[in-house]
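Q: I am attaching a structure below and will ask some questions about it afterwards.
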Amino acid sequence: MSEPIKAPVAKGDHEPKTLKEQFWDPVAGFGVTFRTMFKKVVTEQYPFEKPPTAPRFHGRHQLNRWPDGLEKCVGCELCAWACPADAIYVEGASNSDDAENGGERFSPGERYGRVYQINYLRCILCGLCIEACPTRALTMTNEYELADNNRADLIYEKSDLLAPLLPGMEQPPHPMRLGEDEGAYYRNEFRATTTGGDQ
Amino acid sequence: MTTTPEKVETVTVTIDGIQVEVAKDTLVIRAAEQVGVQIPRFCDHPLLAPVGACRQCLVDVPDAGNGRGFPKPQASCTLPVADGMVVSTQLTSEVADKAQQGVMEFLLINHPLDCPVCDKGGECPLQNQAMSNGQGESRFASSGTGGVKRTFPKPINLSPQVLLDRERCIVCQRCTRFAEEIPGDPFIALIERGAQQQIGIAENAPFLSYFSGNVIQICPVGALTSESYRFRSRPFDLVSSPAVAEHDACGAAIRVDHRRGKVMRRLAGDDPDVNEEWITDKDRFAFAYATEADRIGYPMVREDGELRPASWTEAFAVAARGLATARAAGGVGVLTGGRLTGEDAYAYSKFARVALDTNDIDFRARPHSAEEADFLAAHVVATGPGGGGVTYRDLETATGVVLVGLEPEDEAGTIFLRLRKAVLHAGLPVRSVAPFTTRGLRKLDGTLIATAPGAETAAIAALDVDAGTIVLLGERLATVPGALTAAADLAARTGARLAWVPRRAGDRGAVETGCLPNLLPGGRPVVDAAARVDVATAWGLDRLPETPGRDADAIVAALTAGDLGGVVVAGVDPADTADPAATRAALEAATFVVALDLRASDVTRLADVVFPVAPITDRAGSFVNWEGRVRPFDQIFANPASLPELRILAGIAEELDAPLGFRTVDQVWSEMEQLGAWDGARATAASAAPAEPATAAVQAGDSLALASWKQLVDNGVMQAGDKHYLATARPAVAKVAPALAAALGDTATVTGDRGSVTVPVEAVDDMVEGVVWLPANSTGLGLLTDLASPGSRVTITGGAV
């Protein structure tokens, strides 16, 4: 530092204000105020009006369903692995078509996600989990109102994250309705006969 | 993998331009490892014979050592090195790289793209090597361009525990080679041809090997999975901790994979000195017992006849008060069972001497004898790998092995595998003193020394052995009068080496730490005044109890008679003891019982104070295996609600004003190290050895001698909780000689002095006449409760009662 900083000195201490400074500047300042009164208001009336987000906004997650209501999630935990914030916890389990012995089917194929939790205290909504999902089971909605008054409720369970049942969907567990095996689901072979509303 | 021991002929090869000197006959793939070059492979396994099945390890060999190269790439896992050989791997040779990528493309033609749901995904050699040595694109129509891959209905059960996804299989044959070469259970084989080639089992012959879990671990793809672990977690969110198997005295190294405080699976660890890379299914699958619903979660004290929850401090105080009263009213016995870690056993040993002022302590929760205690003091305690004790490696170099009262396949799986390795590779002759040729002995290509139970003493005395022979003595010999003495005599006479192989993980550690009426820690004989002074000095005491104490049977008898006031019981199942009814009666008769156990049991239901103990995952410690090798392990889960037994005993002892001087495992360990082993004279087996046994060969009418041991998979309390694993148990059958079997029919009822058992009959060709074999703990409450007292005779009748 070459020279010490001097305390700023008010101009008026040294020399008198000019006429422009005395009379025009205050009016010019109010001019800004006056002009703004005729411009479009940028304030968002947030709690009362909720403007739509950008279409690809990263909001709360959703676990999607096949058109027959079966879950797309296979419990592979790749989302949990991809998560940089360690916000996702998944436990897989076996599907079974053996209904007589208590077997239940929640997704096509062998495996489904029995436990699925996202901790929104940790989640940074980066979307890496969505990229990792091999079945497009996990996507993000535009919902951004993720606040609560306690920590426990911010750990979203599978029931909180699952997409709602649309018309034509059936609450799992139930057998595969759209094909013989999971391959038929993954290859979209059912498109020919039904119109899906899964995404 | 291959180390180069001294005095081994070596050759020099050049791999990727690097010269390396390796032992003659080393495979190229291993030589490459020595220069740090990883050649991709699937079928190759260092402990299995080379086969060259998967072709993934192709390398270019421009010079085979004779100046000429191989015209085509060679499989490096079957190619031994030659002097002057030049090898170019995928790193330096485009030919090798292209060959490997081509093989990978073939392997992936029909391999499904189900990695996200595959249990192997994340730890899969195929996945990894497809990334490192494969191409992103396939030229085969079936891969990704709408074609259809070959599929099979999936999965199928090879056994109740092992599942096979045939479409994932790349036919590397690691599993079939393992089954044939290592345990000798070739139940699985390649069937069909071409694209349909698959692993299969014969109809009605599932893969019921005691070592079947190993194939799941060595499968390089996700074709073999286990029912227990199926879809339970992914490899990348598991935490792996090394540990030691707690089910037998082999001390096998295992790896515990856990997530969020729960054990998800166990895998074999790699310890070349002990279990190599194999473990039994019991070590692998039987871990659910620690999380069963009847696990005790808090201390309990009895009040008005009912057990109620109590705080730790209150329970310590109540236990101390009761023990002090009982000590004054005759004394307190200590029964420790055989499952303690070495540190806990030491704590019990010290607790008995310091706080209870007694030598009435015994770890043997099974039929036993004073002769056995003498034998342990004279020939077993304080021997180990460093001090000339028999080791696993010694089994491989012995001139012969004799098994007496030991069925290694059932009772010590790691020994069985090591013996089989020695039999196959070194031609080790194995003899077994047993009533019939077991499946295990047949797989060891062994010779039967046909001996009726009870007649082992004479058989041992008549053994023809040389100095290079190793005699493995099972704990069952304790019930045969004179057998252990005869074995000691044999060793003294011929120079053959002895090893005592108990069943439980804590047995040997309990011997070392003095959980015996005649031994103090470190093998110090109780009767030796100098040894007593040595221990008393180390413990800061004036004196220690001087007379040898009561053994477990005597403690039970004294409790019933009222000579002993109370008893401290750790993890003893009355059904294991020589007389279960008497043990239960003694516990009821005892005025004060302190039980330390993991789960509710017959003992905890009768106890006055119950302490929960930490399962093996919640504490550090060490086991001592049959060799005398210390097998330490670390704590895996931090669970403040479960304390190791040594901490509980320290708490009680402090209330008794006889502090033990430690509270943690580390403190016990350093105290044990400081105390060390006894350097004075060993105890000598009582010269007045028990009189020559009443020859059990008396054929009393139509009664039969009962031969029995516990099968590997049975009704043991530490095997509860995994139905798939339990379904792999061998069925309980009565094995008898063919003539008797023909007379009996399909089922028979065996009747002894305590009850009768009805089981199917199986004829065994070389069964000694007048003997029936039954599994000891595969029916009901076990034979000691349901059938007969040890050494008694039984009768057998055809059909059910």
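Labeling convention for the structure tokens: chains A, B, ... as they appear, residues from 1 per chain, ligands from 1 in order of appearance.
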Define the interface residues of chain A facing chain B as those within 12 Å, counting only C-alpha atoms, and report them as a PDB file with C-alpha atoms, in the first residue's frame.

A:
```
ATOM      1  CA  CYS A  73     -38.461 -48.022  -9.647  1.00  0.00           C
ATOM      2  CA  VAL A  74     -36.469 -51.249  -9.465  1.00  0.00           C
ATOM      3  CA  GLY A  75     -34.663 -50.374  -6.254  1.00  0.00           C
ATOM      4  CA  CYS A  76     -31.235 -50.386  -7.884  1.00  0.00           C
ATOM      5  CA  GLU A  77     -29.925 -47.596  -5.649  1.00  0.00           C
ATOM      6  CA  LEU A  78     -28.047 -45.943  -8.498  1.00  0.00           C
ATOM      7  CA  CYS A  79     -29.730 -42.661  -7.530  1.00  0.00           C
ATOM      8  CA  ALA A  80     -28.410 -43.073  -4.006  1.00  0.00           C
ATOM      9  CA  TRP A  81     -24.962 -43.770  -5.380  1.00  0.00           C
ATOM     10  CA  ALA A  82     -25.074 -40.757  -7.685  1.00  0.00           C
ATOM     11  CA  CYS A  83     -26.298 -38.408  -4.984  1.00  0.00           C
ATOM     12  CA  ASP A  86     -26.129 -38.586   0.363  1.00  0.00           C
ATOM     13  CA  ILE A  88     -31.312 -40.779  -0.898  1.00  0.00           C
ATOM     14  CA  TYR A  89     -31.813 -44.095   0.863  1.00  0.00           C
ATOM     15  CA  VAL A  90     -33.172 -47.137  -0.966  1.00  0.00           C
ATOM     16  CA  GLU A  91     -33.753 -50.736  -0.012  1.00  0.00           C
ATOM     17  CA  GLY A  92     -34.683 -53.241  -2.661  1.00  0.00           C
ATOM     18  CA  ALA A  93     -36.780 -56.375  -2.354  1.00  0.00           C
ATOM     19  CA  SER A  94     -38.034 -59.214  -4.525  1.00  0.00           C
ATOM     20  CA  ASN A  95     -41.222 -59.151  -6.513  1.00  0.00           C
ATOM     21  CA  SER A  96     -43.165 -62.345  -6.698  1.00  0.00           C
ATOM     22  CA  SER A 107     -42.890 -53.366 -10.420  1.00  0.00           C
ATOM     23  CA  PRO A 108     -42.254 -55.368 -13.565  1.00  0.00           C
ATOM     24  CA  GLY A 109     -39.253 -57.642 -13.263  1.00  0.00           C
ATOM     25  CA  GLU A 110     -37.624 -59.177 -10.249  1.00  0.00           C
ATOM     26  CA  ARG A 111     -36.864 -56.296  -7.993  1.00  0.00           C
ATOM     27  CA  TYR A 112     -38.600 -53.235  -6.639  1.00  0.00           C
ATOM     28  CA  GLY A 113     -37.769 -50.468  -4.215  1.00  0.00           C
ATOM     29  CA  ARG A 114     -39.267 -51.461  -0.882  1.00  0.00           C
ATOM     30  CA  VAL A 115     -37.954 -48.407   0.931  1.00  0.00           C
ATOM     31  CA  ALA A 132     -28.569 -42.017 -12.991  1.00  0.00           C
ATOM     32  CA  CYS A 133     -32.005 -43.635 -13.007  1.00  0.00           C
ATOM     33  CA  PRO A 134     -31.972 -46.514 -15.502  1.00  0.00           C
ATOM     34  CA  THR A 135     -35.746 -46.820 -15.787  1.00  0.00           C
ATOM     35  CA  ASP A 181     -42.318 -59.828 -18.834  1.00  0.00           C
ATOM     36  CA  GLU A 182     -40.461 -56.689 -17.875  1.00  0.00           C
ATOM     37  CA  GLY A 183     -38.891 -56.559 -21.332  1.00  0.00           C
ATOM     38  CA  ALA A 184     -42.280 -55.705 -22.799  1.00  0.00           C
ATOM     39  CA  TYR A 186     -38.963 -51.533 -21.112  1.00  0.00           C
ATOM     40  CA  ARG A 187     -39.388 -51.826 -24.882  1.00  0.00           C
ATOM     41  CA  GLU A 189     -44.464 -52.718 -26.475  1.00  0.00           C
TER      42      GLU A 189
END
```

Q: Which residues are close to range 43-60 of chain A, i.e. within 6 Å by only C-alpha atoms, leaving aside same-chain residues fewer than 4 positions away? Reply as a list in words.

A: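 In the requested format, the answer is Leu125, Met140, Thr141, Asn142, Glu143 and Tyr144 of chain A.
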
Q: Find the residues around range 103-105 of chain A up to 8 Å (only C-alpha atoms counted), leave out those fewer than 6 positions away in its own chain, and share them as a list in words.

A: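 Listing them by chain and then by number gives Asn95, Ser96, Asp97, Pro172, Pro173, His174, Pro175 and Met176 of chain A.
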
Q: Between B:Lys443, B:Arg177, B:Arg41, B:Arg68, which residue has the minimum interatomic distance to Gln100 in chain B, considering only C-alpha atoms?

A: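 Result for the nearest residue to Gln100 in chain B: B:Arg41.
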
Q: Could you please write out, as number ranges by chain, every residue of chain A that DSSP assigns to strand (DSSP E or B)?

A: A: 61-63, 65, 71, 88-94, 111-119, 138-140, 155-156, 162

Q: From a DSSP calculation on the backbone, collect every residue of range 58-107 of chain A in alpha helix (DSSP H) and output the set as a list in words.

A: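 Selecting the alpha helix (DSSP H) positions of range 58-107 of chain A gives Leu78, Cys79, Ala80, Trp81 and Ala82 of chain A.
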
Q: So that I can see what lies close to Phe351 in chain B, please list as a ChimeraX atom specification the residues with an atom at most 12 Å from it, counting only C-alpha atoms and leaving out residues fewer than 3 positions away in the same chain.

A: /B:320,323,332-336,344-348,354-361,513-515,520-521,539,544,568,645-654,656-662

Q: Could you take the residues named above and write them with C-alpha atoms, as a compact mmCIF listing (two decimals), in the first residue's frame?

A:
```txt
# COMPACT_ATOMS: atom_id res chain seq x y z
CA ALA B 320 -23.02 -58.51 43.67
CA LEU B 323 -23.14 -63.51 44.78
CA VAL B 332 -20.23 -69.85 43.53
CA GLY B 333 -19.49 -71.83 40.40
CA VAL B 334 -18.83 -70.33 36.98
CA LEU B 335 -19.95 -71.98 33.76
CA THR B 336 -18.70 -70.05 30.75
CA ASP B 344 -14.05 -62.40 28.08
CA ALA B 345 -12.78 -65.80 29.09
CA TYR B 346 -9.88 -64.13 30.89
CA ALA B 347 -12.33 -61.85 32.66
CA TYR B 348 -14.37 -64.84 33.85
CA VAL B 354 -10.53 -62.68 42.52
CA ALA B 355 -14.19 -61.91 43.22
CA LEU B 356 -15.55 -65.35 43.98
CA ASP B 357 -12.40 -66.88 45.48
CA THR B 358 -12.86 -70.19 43.76
CA ASN B 359 -11.45 -72.46 41.09
CA ASP B 360 -14.93 -73.79 40.32
CA ILE B 361 -14.89 -72.63 36.73
CA THR B 513 -7.11 -68.06 29.91
CA GLY B 514 -7.75 -70.59 32.62
CA CYS B 515 -11.49 -71.24 32.45
CA LEU B 520 -4.87 -70.46 35.78
CA PRO B 521 -4.37 -68.03 32.86
CA TRP B 539 -3.16 -59.38 40.10
CA LEU B 544 -5.26 -67.43 45.15
CA VAL B 568 -22.62 -67.49 37.08
CA GLU B 645 -18.96 -59.53 29.26
CA LEU B 646 -15.68 -58.36 30.70
CA ARG B 647 -17.21 -54.93 31.34
CA ILE B 648 -20.20 -56.51 33.06
CA LEU B 649 -17.98 -58.69 35.24
CA ALA B 650 -15.87 -55.66 36.09
CA GLY B 651 -19.04 -53.87 37.18
CA ILE B 652 -20.13 -56.73 39.44
CA ALA B 653 -16.63 -57.14 40.84
CA GLU B 654 -16.44 -53.47 41.75
CA LEU B 656 -18.12 -56.84 45.41
CA ASP B 657 -15.15 -54.69 46.41
CA ALA B 658 -12.85 -56.90 44.43
CA PRO B 659 -12.11 -54.81 41.35
CA LEU B 660 -10.73 -56.68 38.36
CA GLY B 661 -8.54 -53.80 37.28
CA PHE B 662 -9.92 -53.44 33.78
```

Q: Just want the 12 Å neighbourhood of Ala290 in chain B, counted on only C-alpha atoms, with same-chain residues fewer than 5 positions away dropped. Output as a ChimeraX atom specification.

A: /B:246,262-263,295-297,597-600,612-618,642,717-722

Q: Show me, as JSON, numbers by chain, the residues that have an atom within 9 Å of Val423 in chain B when counting only C-alpha atoms, minus same-chain residues fewer than 4 positions from it.

A: {"B": [396, 418, 419, 427, 428, 429, 430, 444, 445, 446]}

Q: State, in Å with one decimal place, the distance from CA of Asn110 in chain B to CA of Gly134 in chain B.

A: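 Computing it gives 15.0 Å between the two atoms.
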
Q: Give me, please, the distance in Å between CA of Phe287 in chain B and CA of Ser240 in chain B, quoted to one decimal.

A: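 Here the two named atoms are 15.1 Å from each other.
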